[in-house]
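Next comes final-v2.csv, a file with CSV, C-alpha atoms.
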```csv
chain,number,residue,atom,x,y,z
A,1,MET,CA,-2.3,21.8,17.1
A,2,SER,CA,-4.9,19.1,17.0
A,3,ASP,CA,-8.1,19.2,19.0
A,4,THR,CA,-8.3,15.8,20.7
A,5,ILE,CA,-11.4,14.9,22.6
A,6,SER,CA,-11.8,15.0,26.4
A,7,ARG,CA,-10.7,12.2,28.6
A,8,GLU,CA,-14.3,11.2,29.3
A,9,ALA,CA,-15.1,11.0,25.6
A,10,SER,CA,-11.9,9.1,25.0
A,11,ASP,CA,-12.9,6.6,27.7
A,12,GLU,CA,-16.3,6.2,26.1
A,13,LEU,CA,-14.6,5.4,22.8
A,14,ILE,CA,-12.5,2.7,24.5
A,15,LEU,CA,-15.6,1.1,26.0
A,16,GLU,CA,-17.5,1.3,22.8
A,17,PHE,CA,-14.8,-0.2,20.6
A,18,LYS,CA,-13.2,-2.7,23.0
A,19,SER,CA,-14.9,-5.7,21.6
A,20,TRP,CA,-14.3,-4.5,18.0
A,21,SER,CA,-10.5,-4.3,18.7
A,22,GLU,CA,-10.7,-7.8,20.2
A,23,SER,CA,-12.3,-9.1,17.1
A,24,ILE,CA,-9.3,-7.7,15.1
A,25,ALA,CA,-6.8,-9.4,17.4
A,26,LYS,CA,-8.8,-12.7,17.1
A,27,SER,CA,-8.8,-12.5,13.3
A,28,VAL,CA,-5.0,-12.0,13.3
A,29,ALA,CA,-4.6,-15.0,15.8
A,30,ARG,CA,-6.9,-17.3,13.8
A,31,SER,CA,-5.1,-16.6,10.5
A,32,TRP,CA,-1.8,-17.6,11.9
A,33,ASN,CA,-3.1,-20.4,14.2
A,34,LEU,CA,-2.1,-18.6,17.4
A,35,ASP,CA,-3.8,-18.0,20.7
A,36,TRP,CA,-5.0,-14.4,20.8
A,37,LYS,CA,-4.7,-14.2,24.6
A,38,LEU,CA,-1.7,-16.5,25.3
A,39,ASP,CA,0.3,-14.9,22.5
A,40,GLY,CA,-0.4,-11.3,23.7
A,41,MET,CA,-2.6,-10.0,20.9
A,42,ASP,CA,-5.4,-9.0,23.3
A,43,GLY,CA,-3.1,-6.7,25.2
A,44,ALA,CA,-1.5,-5.3,22.1
A,45,ALA,CA,-4.8,-4.5,20.4
A,46,TYR,CA,-6.1,-2.9,23.7
A,47,GLU,CA,-3.0,-0.7,24.0
A,48,ALA,CA,-3.4,0.4,20.4
A,49,LEU,CA,-7.1,1.2,21.0
A,50,ILE,CA,-6.2,3.4,24.0
A,51,PHE,CA,-3.5,5.1,22.1
A,52,CYS,CA,-5.9,5.9,19.3
A,53,ALA,CA,-8.7,7.0,21.6
A,54,ARG,CA,-6.4,9.4,23.4
A,55,ARG,CA,-5.3,11.0,20.1
A,56,PHE,CA,-8.6,10.9,18.2
A,57,ASP,CA,-9.5,14.2,16.6
A,58,PRO,CA,-13.1,14.2,15.3
A,59,ALA,CA,-12.4,17.5,13.5
A,60,ARG,CA,-10.3,15.7,10.9
A,61,GLY,CA,-13.5,14.1,9.6
A,62,VAL,CA,-12.3,10.5,9.7
A,63,PRO,CA,-14.5,8.0,11.7
A,64,PHE,CA,-12.8,6.4,14.7
A,65,LYS,CA,-12.8,2.9,13.1
A,66,GLY,CA,-11.2,4.2,10.0
A,67,TYR,CA,-8.6,6.0,12.0
A,68,ALA,CA,-7.8,3.2,14.5
A,69,ARG,CA,-8.1,0.0,12.5
A,70,LYS,CA,-4.8,0.1,10.8
A,71,ARG,CA,-2.9,0.8,14.1
A,72,ILE,CA,-4.7,-1.9,16.1
A,73,HIS,CA,-4.1,-4.5,13.4
A,74,GLU,CA,-0.4,-3.5,13.1
A,75,SER,CA,0.0,-3.7,16.9
A,76,ALA,CA,-1.7,-7.2,17.0
A,77,THR,CA,0.5,-8.5,14.1
A,78,GLU,CA,3.6,-7.2,15.7
A,79,ALA,CA,2.7,-8.9,19.0
A,80,ALA,CA,2.0,-12.1,17.1
A,81,ARG,CA,5.4,-12.0,15.4
A,82,ARG,CA,7.2,-11.5,18.8
A,83,SER,CA,5.1,-14.2,20.5
A,84,ARG,CA,6.2,-17.6,21.8
A,85,GLY,CA,3.6,-19.2,19.6
A,86,TRP,CA,5.2,-17.8,16.5
A,87,ARG,CA,8.6,-19.1,17.5
A,88,ARG,CA,7.2,-22.4,18.7
A,89,GLY,CA,5.5,-22.9,15.4
A,90,ALA,CA,8.7,-22.3,13.6
A,91,GLY,CA,10.0,-25.6,14.7
A,92,THR,CA,6.9,-27.8,14.6
A,93,GLN,CA,5.0,-26.6,11.6
A,94,LYS,CA,5.3,-27.9,8.1
A,95,ARG,CA,7.9,-25.9,6.1
A,96,THR,CA,5.2,-24.6,3.7
A,97,GLU,CA,3.0,-23.4,6.5
A,98,ARG,CA,5.8,-21.7,8.3
A,99,LEU,CA,7.0,-20.0,5.1
A,100,ALA,CA,3.4,-19.0,4.2
A,101,ARG,CA,3.1,-17.3,7.6
A,102,GLU,CA,6.3,-15.4,7.2
A,103,VAL,CA,5.4,-14.3,3.6
A,104,SER,CA,1.9,-13.2,4.8
A,105,ALA,CA,3.4,-11.1,7.6
A,106,GLU,CA,5.6,-9.2,5.0
A,107,LEU,CA,2.6,-8.8,2.6
A,108,PHE,CA,1.1,-6.3,5.1
A,109,ASP,CA,4.2,-4.1,4.8
A,110,VAL,CA,3.9,-4.1,1.0
A,111,PHE,CA,0.2,-3.6,0.9
A,112,PRO,CA,-0.7,-1.5,4.0
A,113,GLU,CA,-4.3,-1.0,2.9
A,114,LEU,CA,-4.9,-4.6,3.9
A,115,ARG,CA,-4.6,-3.5,7.5
A,116,SER,CA,-7.5,-1.2,7.0
A,117,GLY,CA,-9.6,-4.1,5.7
A,118,PHE,CA,-9.3,-3.3,2.0
A,119,LEU,CA,-7.9,-5.1,-1.0
A,120,PRO,CA,-5.0,-3.3,-2.8
A,121,TYR,CA,-6.5,-0.6,-4.9
A,122,ASP,CA,-5.8,-0.2,-8.6
A,123,THR,CA,-6.7,3.3,-9.9
A,124,SER,CA,-7.2,1.9,-13.4
A,125,VAL,CA,-10.0,-0.4,-12.5
A,126,ASP,CA,-13.5,0.6,-11.5
A,127,GLY,CA,-13.8,-2.1,-8.9
A,128,GLY,CA,-16.3,-4.9,-8.6
A,129,THR,CA,-15.4,-8.5,-9.2
A,130,GLN,CA,-12.8,-7.6,-11.8
A,131,GLY,CA,-11.1,-5.2,-9.3
A,132,GLN,CA,-11.1,-8.0,-6.7
A,133,ARG,CA,-9.5,-10.4,-9.2
A,134,ILE,CA,-6.8,-8.0,-10.1
A,135,ALA,CA,-6.1,-7.3,-6.4
A,136,ILE,CA,-5.8,-11.1,-5.8
A,137,GLN,CA,-3.4,-11.3,-8.7
A,138,GLN,CA,-1.3,-8.5,-7.3
A,139,LEU,CA,-1.2,-10.2,-3.8
A,140,LEU,CA,-0.2,-13.5,-5.4
A,141,ILE,CA,2.6,-12.1,-7.4
A,142,GLY,CA,3.7,-9.9,-4.4
A,143,ALA,CA,3.7,-13.0,-2.2
A,144,SER,CA,5.7,-14.8,-4.9
A,145,VAL,CA,8.4,-12.0,-4.9
A,146,ILE,CA,8.6,-12.2,-1.1
A,147,ALA,CA,8.9,-16.0,-1.3
A,148,THR,CA,11.6,-15.6,-3.9
A,149,LYS,CA,13.5,-13.2,-1.7
A,150,LYS,CA,13.3,-15.7,1.2
A,151,GLY,CA,14.2,-18.6,-1.0
A,152,VAL,CA,17.2,-16.8,-2.5
A,153,GLU,CA,18.4,-15.7,0.9
A,154,ALA,CA,17.9,-19.0,2.8
A,155,ALA,CA,17.8,-21.9,0.4
A,156,LEU,CA,20.7,-24.2,-0.2
A,157,PRO,CA,22.1,-23.8,-3.7
A,158,ASP,CA,20.2,-26.9,-5.1
A,159,GLU,CA,17.0,-25.8,-3.4
A,160,ALA,CA,17.3,-22.3,-4.7
A,161,VAL,CA,16.8,-23.3,-8.3
A,162,ASP,CA,13.0,-22.8,-8.3
A,163,PHE,CA,13.4,-19.5,-6.5
A,164,LYS,CA,16.0,-18.4,-9.0
A,165,ARG,CA,13.6,-18.9,-11.9
A,166,MET,CA,11.4,-16.1,-10.5
A,167,ALA,CA,14.4,-14.1,-9.5
A,168,SER,CA,15.7,-14.3,-13.1
A,169,LYS,CA,12.3,-12.9,-14.2
A,170,LEU,CA,12.9,-9.9,-11.9
A,171,THR,CA,16.2,-9.3,-13.6
A,172,ILE,CA,14.4,-8.5,-16.9
A,173,LEU,CA,13.1,-5.4,-15.2
A,174,HIS,CA,14.7,-2.0,-15.8
A,175,PRO,CA,17.4,-1.2,-13.1
A,176,LEU,CA,15.1,1.5,-11.7
A,177,HIS,CA,12.3,-1.0,-11.4
A,178,GLN,CA,14.7,-3.6,-9.8
A,179,LEU,CA,15.7,-0.9,-7.3
A,180,LEU,CA,12.1,-0.2,-6.5
A,181,ILE,CA,11.4,-3.9,-5.9
A,182,TYR,CA,14.6,-4.3,-3.9
A,183,LYS,CA,13.8,-1.3,-1.7
A,184,VAL,CA,10.3,-2.5,-1.0
A,185,TYR,CA,10.7,-6.3,-0.8
A,186,TRP,CA,14.2,-6.7,0.4
A,187,GLU,CA,14.7,-3.6,2.6
A,188,GLY,CA,11.1,-3.3,3.8
A,189,ALA,CA,10.6,0.3,2.6
A,190,SER,CA,7.1,1.5,2.2
A,191,LEU,CA,6.0,2.9,-1.2
A,192,ARG,CA,5.2,6.2,0.4
A,193,GLY,CA,8.6,6.2,2.2
A,194,LEU,CA,10.3,5.5,-1.1
A,195,ALA,CA,8.5,8.3,-2.8
A,196,GLY,CA,9.8,10.6,-0.1
A,197,GLU,CA,13.4,9.3,-0.5
A,198,TRP,CA,13.1,9.8,-4.3
A,199,ASN,CA,11.5,13.2,-3.8
A,200,THR,CA,8.5,12.3,-6.0
A,201,ASP,CA,4.8,12.1,-5.6
A,202,GLU,CA,3.7,8.9,-3.9
A,203,LEU,CA,1.2,8.1,-6.6
A,204,ASN,CA,4.1,7.9,-9.1
A,205,VAL,CA,5.7,5.1,-7.0
A,206,ILE,CA,2.4,3.3,-6.2
A,207,ARG,CA,1.4,3.2,-9.9
A,208,GLU,CA,4.9,2.1,-11.0
A,209,HIS,CA,4.7,-0.7,-8.4
A,210,THR,CA,1.3,-1.8,-9.8
A,211,VAL,CA,2.7,-1.8,-13.4
A,212,ILE,CA,5.6,-4.0,-12.3
A,213,LEU,CA,3.4,-6.5,-10.6
A,214,LYS,CA,1.1,-6.7,-13.6
A,215,PHE,CA,4.1,-7.4,-15.8
A,216,LEU,CA,5.4,-10.0,-13.5
A,217,TYR,CA,2.1,-11.7,-13.3
A,218,LYS,CA,1.9,-11.8,-17.1
A,219,ILE,CA,5.3,-13.3,-17.6
A,220,VAL,CA,5.0,-15.9,-14.9
A,221,GLU,CA,1.5,-16.9,-16.1
A,222,GLU,CA,2.4,-17.0,-19.8
A,223,ASN,CA,6.0,-18.1,-19.3
A,224,GLN,CA,7.2,-16.3,-22.4
A,225,ASP,CA,9.5,-13.4,-23.1
A,226,THR,CA,7.7,-10.1,-23.0
A,227,PRO,CA,9.4,-6.7,-23.1
A,228,PRO,CA,9.7,-5.2,-19.6
A,229,PRO,CA,7.6,-2.1,-18.9
A,230,LYS,CA,9.1,1.3,-19.6
A,231,ILE,CA,9.7,3.9,-16.9
A,232,ARG,CA,6.6,6.0,-16.7
A,233,PRO,CA,6.9,9.7,-17.1
A,234,GLY,CA,6.4,10.4,-13.4
A,235,LEU,CA,9.7,8.7,-12.5
A,236,ARG,CA,11.9,9.5,-15.6
A,237,ASP,CA,13.6,12.3,-13.7
A,238,LEU,CA,15.2,9.7,-11.5
A,239,LEU,CA,17.1,8.2,-14.5
A,240,GLY,CA,20.7,9.2,-14.3
A,241,ASN,CA,20.1,10.3,-10.7
A,242,VAL,CA,18.9,7.2,-8.7
A,243,VAL,CA,20.2,4.8,-11.3
A,244,ILE,CA,22.9,5.3,-13.8
A,245,GLU,CA,22.6,4.2,-17.4
A,246,GLY,CA,24.2,0.8,-18.1
A,247,GLU,CA,24.3,0.0,-14.4
A,248,VAL,CA,23.5,-3.7,-13.4
A,249,GLY,CA,20.2,-3.9,-11.7
A,250,LYS,CA,20.1,-4.5,-7.9
A,251,ILE,CA,18.3,-7.9,-8.1
A,252,GLU,CA,20.7,-9.0,-10.8
A,253,GLN,CA,23.6,-8.0,-8.5
A,254,ILE,CA,22.1,-10.2,-5.8
A,255,ILE,CA,21.7,-13.2,-8.1
A,256,GLN,CA,25.2,-12.8,-9.4
A,257,GLU,CA,26.6,-12.7,-5.8
A,258,ARG,CA,24.6,-15.8,-4.8
A,259,THR,CA,25.8,-17.8,-7.8
A,260,LYS,CA,29.4,-17.0,-7.5
B,261,MET,CA,-32.9,78.1,-19.2
B,262,SER,CA,-32.5,76.7,-22.6
B,263,ASP,CA,-28.8,76.4,-21.9
B,264,GLU,CA,-29.4,74.2,-18.8
B,265,LYS,CA,-31.5,71.9,-20.9
B,266,ASP,CA,-28.8,71.6,-23.5
B,267,ASN,CA,-26.2,70.5,-20.8
B,268,LYS,CA,-28.1,67.4,-19.8
B,269,LEU,CA,-26.5,64.1,-20.7
B,270,LYS,CA,-28.7,62.5,-23.2
B,271,GLY,CA,-26.8,59.2,-23.7
B,272,ILE,CA,-23.4,57.6,-24.1
B,273,LYS,CA,-21.8,58.3,-27.4
B,274,GLU,CA,-20.0,55.5,-29.2
B,275,THR,CA,-16.8,54.5,-27.3
B,276,ARG,CA,-13.6,54.5,-29.2
B,277,LYS,CA,-11.6,51.3,-29.5
B,278,SER,CA,-8.6,51.0,-27.3
B,279,THR,CA,-5.6,51.1,-29.5
B,280,GLN,CA,-2.8,50.7,-27.0
B,281,ILE,CA,-2.1,49.9,-23.4
B,282,ASP,CA,0.3,52.3,-21.7
B,283,ARG,CA,3.5,50.7,-20.5
B,284,THR,CA,3.3,49.7,-16.8
B,285,LYS,CA,5.6,51.6,-14.6
B,286,GLU,CA,8.3,49.9,-12.6
B,287,ILE,CA,7.1,48.6,-9.2
B,288,SER,CA,9.0,50.6,-6.8
B,289,ASN,CA,8.4,48.8,-3.6
B,290,VAL,CA,6.6,45.6,-2.5
B,291,GLY,CA,5.3,45.5,1.0
B,292,LYS,CA,6.7,42.9,3.3
B,293,VAL,CA,4.7,39.8,3.7
B,294,ASP,CA,3.6,39.3,7.2
B,295,LYS,CA,4.9,36.3,9.1
B,296,VAL,CA,2.5,33.3,8.6
B,297,LYS,CA,0.9,32.5,11.8
B,298,GLN,CA,1.0,28.9,13.1
B,299,VAL,CA,-1.2,26.5,11.2
B,300,LYS,CA,-3.8,25.5,13.7
B,301,SER,CA,-4.7,22.1,12.2
B,302,VAL,CA,-4.7,20.4,8.9
B,303,SER,CA,-7.5,18.1,8.1
B,304,SER,CA,-6.6,14.6,7.1
B,305,VAL,CA,-7.2,13.8,3.5
B,306,GLY,CA,-8.3,10.3,4.5
B,307,ASN,CA,-8.1,7.3,2.2
B,308,ILE,CA,-8.1,8.5,-1.4
B,309,ARG,CA,-10.1,5.7,-2.8
B,310,LYS,CA,-13.4,5.3,-4.6
B,311,ALA,CA,-16.2,4.2,-2.4
B,312,ASP,CA,-16.0,0.7,-3.7
B,313,PRO,CA,-17.6,-1.8,-1.3
B,314,ALA,CA,-16.2,-4.7,-3.4
B,315,SER,CA,-12.7,-3.8,-2.2
B,316,ALA,CA,-13.7,-4.1,1.5
B,317,ILE,CA,-12.6,-7.5,3.0
B,318,THR,CA,-15.4,-8.9,5.1
B,319,LYS,CA,-15.8,-12.4,6.6
B,320,ALA,CA,-18.8,-13.0,4.4
B,321,LYS,CA,-16.7,-12.5,1.3
B,322,LEU,CA,-13.8,-14.8,2.4
B,323,LYS,CA,-15.2,-17.9,0.8
B,324,SER,CA,-15.5,-16.4,-2.6
B,325,LEU,CA,-12.1,-14.6,-2.3
B,326,TYR,CA,-10.5,-17.9,-1.4
B,327,ALA,CA,-12.0,-19.5,-4.5
B,328,MET,CA,-10.6,-16.7,-6.5
B,329,ILE,CA,-7.2,-17.2,-5.0
B,330,ASP,CA,-7.3,-20.9,-5.9
B,331,GLN,CA,-8.3,-20.1,-9.5
B,332,GLU,CA,-5.7,-17.3,-10.0
B,333,ALA,CA,-2.9,-19.3,-8.3
B,334,ASP,CA,-3.7,-22.3,-10.6
B,335,LYS,CA,-3.5,-20.0,-13.6
B,336,LEU,CA,-0.3,-18.3,-12.4
B,337,PHE,CA,1.5,-21.5,-11.6
B,338,SER,CA,0.1,-23.6,-14.5
B,339,ASN,CA,3.5,-24.0,-16.1
B,340,ALA,CA,5.5,-27.1,-15.1
B,341,GLU,CA,8.5,-24.9,-14.3
B,342,ASN,CA,6.8,-23.7,-11.1
B,343,ASP,CA,6.9,-26.0,-8.2
B,344,GLU,CA,4.1,-27.2,-6.1
B,345,GLU,CA,5.6,-26.1,-2.8
B,346,LYS,CA,5.9,-22.5,-3.9
B,347,ARG,CA,2.3,-22.5,-5.1
B,348,GLU,CA,1.2,-23.7,-1.7
B,349,ILE,CA,3.3,-21.1,0.1
B,350,VAL,CA,2.0,-18.2,-2.0
B,351,LYS,CA,-1.7,-19.4,-1.9
B,352,ASN,CA,-1.7,-19.9,1.8
B,353,ALA,CA,0.1,-16.6,2.5
B,354,VAL,CA,-2.6,-14.7,0.6
B,355,LYS,CA,-5.4,-16.6,2.3
B,356,MET,CA,-3.8,-15.8,5.7
B,357,VAL,CA,-3.6,-12.0,5.0
B,358,LEU,CA,-7.2,-11.9,3.9
B,359,GLU,CA,-8.4,-13.9,7.0
B,360,SER,CA,-6.4,-11.6,9.2
B,361,ALA,CA,-7.7,-8.4,7.5
B,362,ALA,CA,-11.3,-9.4,7.3
B,363,GLU,CA,-13.8,-7.2,9.1
B,364,ASP,CA,-16.8,-8.6,10.8
B,365,ASP,CA,-19.9,-8.0,8.8
B,366,GLU,CA,-22.1,-5.2,10.2
```

Encoded form (structure tokens):
Amino acid sequence: MSDTISREASDELILEFKSWSESIAKSVARSWNLDWKLDGMDGAAYEALIFCARRFDPARGVPFKGYARKRIHESATEAARRSRGWRRGAGTQKRTERLAREVSAELFDVFPELRSGFLPYDTSVDGGTQGQRIAIQQLLIGASVIATKKGVEAALPDEAVDFKRMASKLTILHPLHQLLIYKVYWEGASLRGLAGEWNTDELNVIREHTVILKFLYKIVEENQDTPPPKIRPGLRDLLGNVVIEGEVGKIEQIIQERTK
Amino acid sequence: MSDEKDNKLKGIKETRKSTQIDRTKEISNVGKVDKVKQVKSVSSVGNIRKADPASAITKAKLKSLYAMIDQEADKLFSNAENDEEKREIVKNAVKMVLESAAEDDE
């Protein structure tokens, strides 16, 4: 049983952090060129703030902002994606801008730490400017995979050529790595959720994902053949279980189906 | 009287080395473990991350992060194979997420 705070204390939190939650909604609206009030992000952020204030348990040792930010941001982005402004923009915006907005919305699902206001974290890097640079590289290649997925799914055969180039790079990956990418980028599974499904520690899956993105960045940047990364020890138990030896990778299957 | 004096302990004599440990006897019975009472609360682990202020996205940092996005995207898509449109989509998508995630500076 958690020890949530009193109603009065919860009301005080709402008053104290109301303008802060509004600033989150405004940032979301600004980034996607929407109106934070007309498109309902003000209400969504406020509702999330109330939800968090009612359930806040100081005994857990997490400051209120740290606890509530992710949920408020998520609520605001969901409202944005459902808004009339989002749909209205779909018809009037330039194709690149519209696709960029769709890709960015999915990036939050792949890198949930962004919602908390942090760059993706790489345990092998100490941080600083180099850590920022590696985080940016991961976001760029992650966005590239999402754009590839959207391109492969939606583009006409002649338009899909550019997307297929990236997709073909994905097929170099081991079938287990292809499955990881498919589950996260195509099916929208979270890395934590996938770890649960595969009955393994979430750090194993998070680190494997980081290794895959680093490899993809390298082969796209250098544009030359490089051996794909091996399955790290933490996930080797899944071989023969989640994927069977000799099986065609999931991404490769999709490409084959699309090119039939 | 002299006998009483002789019975006093004067010191510990040299101990003998243990040569063997007797075999343990079979455990005949293990008491039942009491039912675990309900766990009252579990503290949240919180974000397992180093306290690295460089990874926090703030509005003050956006300009330098955008510059980094431009540099890295140019490097990433420097090959002629990669088309301009995709570069723009990917670059703008990453800029959008950072703008959306940026926290006001305190």

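Taking only C-alpha atoms into account, chain A lies nearest to B:Ser360 out of the set B:Lys355, B:Ser360, B:Lys319, B:Ala327.
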
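Of note, CA of Gly40 (chain A) and CA of Ala80 (chain A) are spaced 7.1 Å apart.
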
Proximity to Ile349 (chain B) - best of A:Gly85, A:Pro227, A:Gly196, A:Gly151, only C-alpha atoms: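 Under the stated criterion, the closest residue is A:Gly151.
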
Between CA of Glu187 (chain A) and CA of Ile251 (chain A), what distance in Å does the model show, to one decimal? 12.1 Å

Counting only C-alpha atoms, which residues in chain A sit no more than 6 Å from chain B? For each one, give the nearest pair of atoms and the distance in Å, sorted by chain then residue number, as a Markdown table.
```
| residue | atom | partner | partner_atom | distance |
| --- | --- | --- | --- | --- |
| A:Met1 | CA | B:Lys300 | CA | 5.2 |
| A:Ser2 | CA | B:Ser301 | CA | 5.7 |
| A:Ser27 | CA | B:Ser360 | CA | 4.8 |
| A:Val28 | CA | B:Ser360 | CA | 4.4 |
| A:Ser31 | CA | B:Met356 | CA | 5.0 |
| A:Arg60 | CA | B:Ser303 | CA | 4.6 |
| A:Thr96 | CA | B:Ile349 | CA | 5.4 |
| A:Ala100 | CA | B:Ala353 | CA | 4.4 |
| A:Arg101 | CA | B:Ala353 | CA | 6.0 |
| A:Val103 | CA | B:Ala353 | CA | 5.9 |
| A:Ser104 | CA | B:Ala353 | CA | 4.5 |
| A:Leu114 | CA | B:Ala361 | CA | 5.9 |
| A:Arg115 | CA | B:Ala361 | CA | 5.8 |
| A:Gly117 | CA | B:Ala361 | CA | 5.0 |
| A:Phe118 | CA | B:Ala316 | CA | 4.5 |
| A:Leu119 | CA | B:Ser315 | CA | 5.1 |
| A:Gly128 | CA | B:Ala314 | CA | 5.2 |
| A:Ala143 | CA | B:Val350 | CA | 5.5 |
| A:Ser144 | CA | B:Val350 | CA | 5.8 |
| A:Glu221 | CA | B:Leu336 | CA | 4.3 |
```

At what distance in Å, to one decimal, does CA of Leu140 (chain A) lie from CA of Thr77 (chain A)?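 Computing it gives 20.1 Å between the two atoms.
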
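Among A:Ala135, A:Leu191, A:Val242, A:Leu176, the residue with the shortest atom-to-atom distance to Lys230 (chain A), counting all atoms listed in the file, is A:Leu176.
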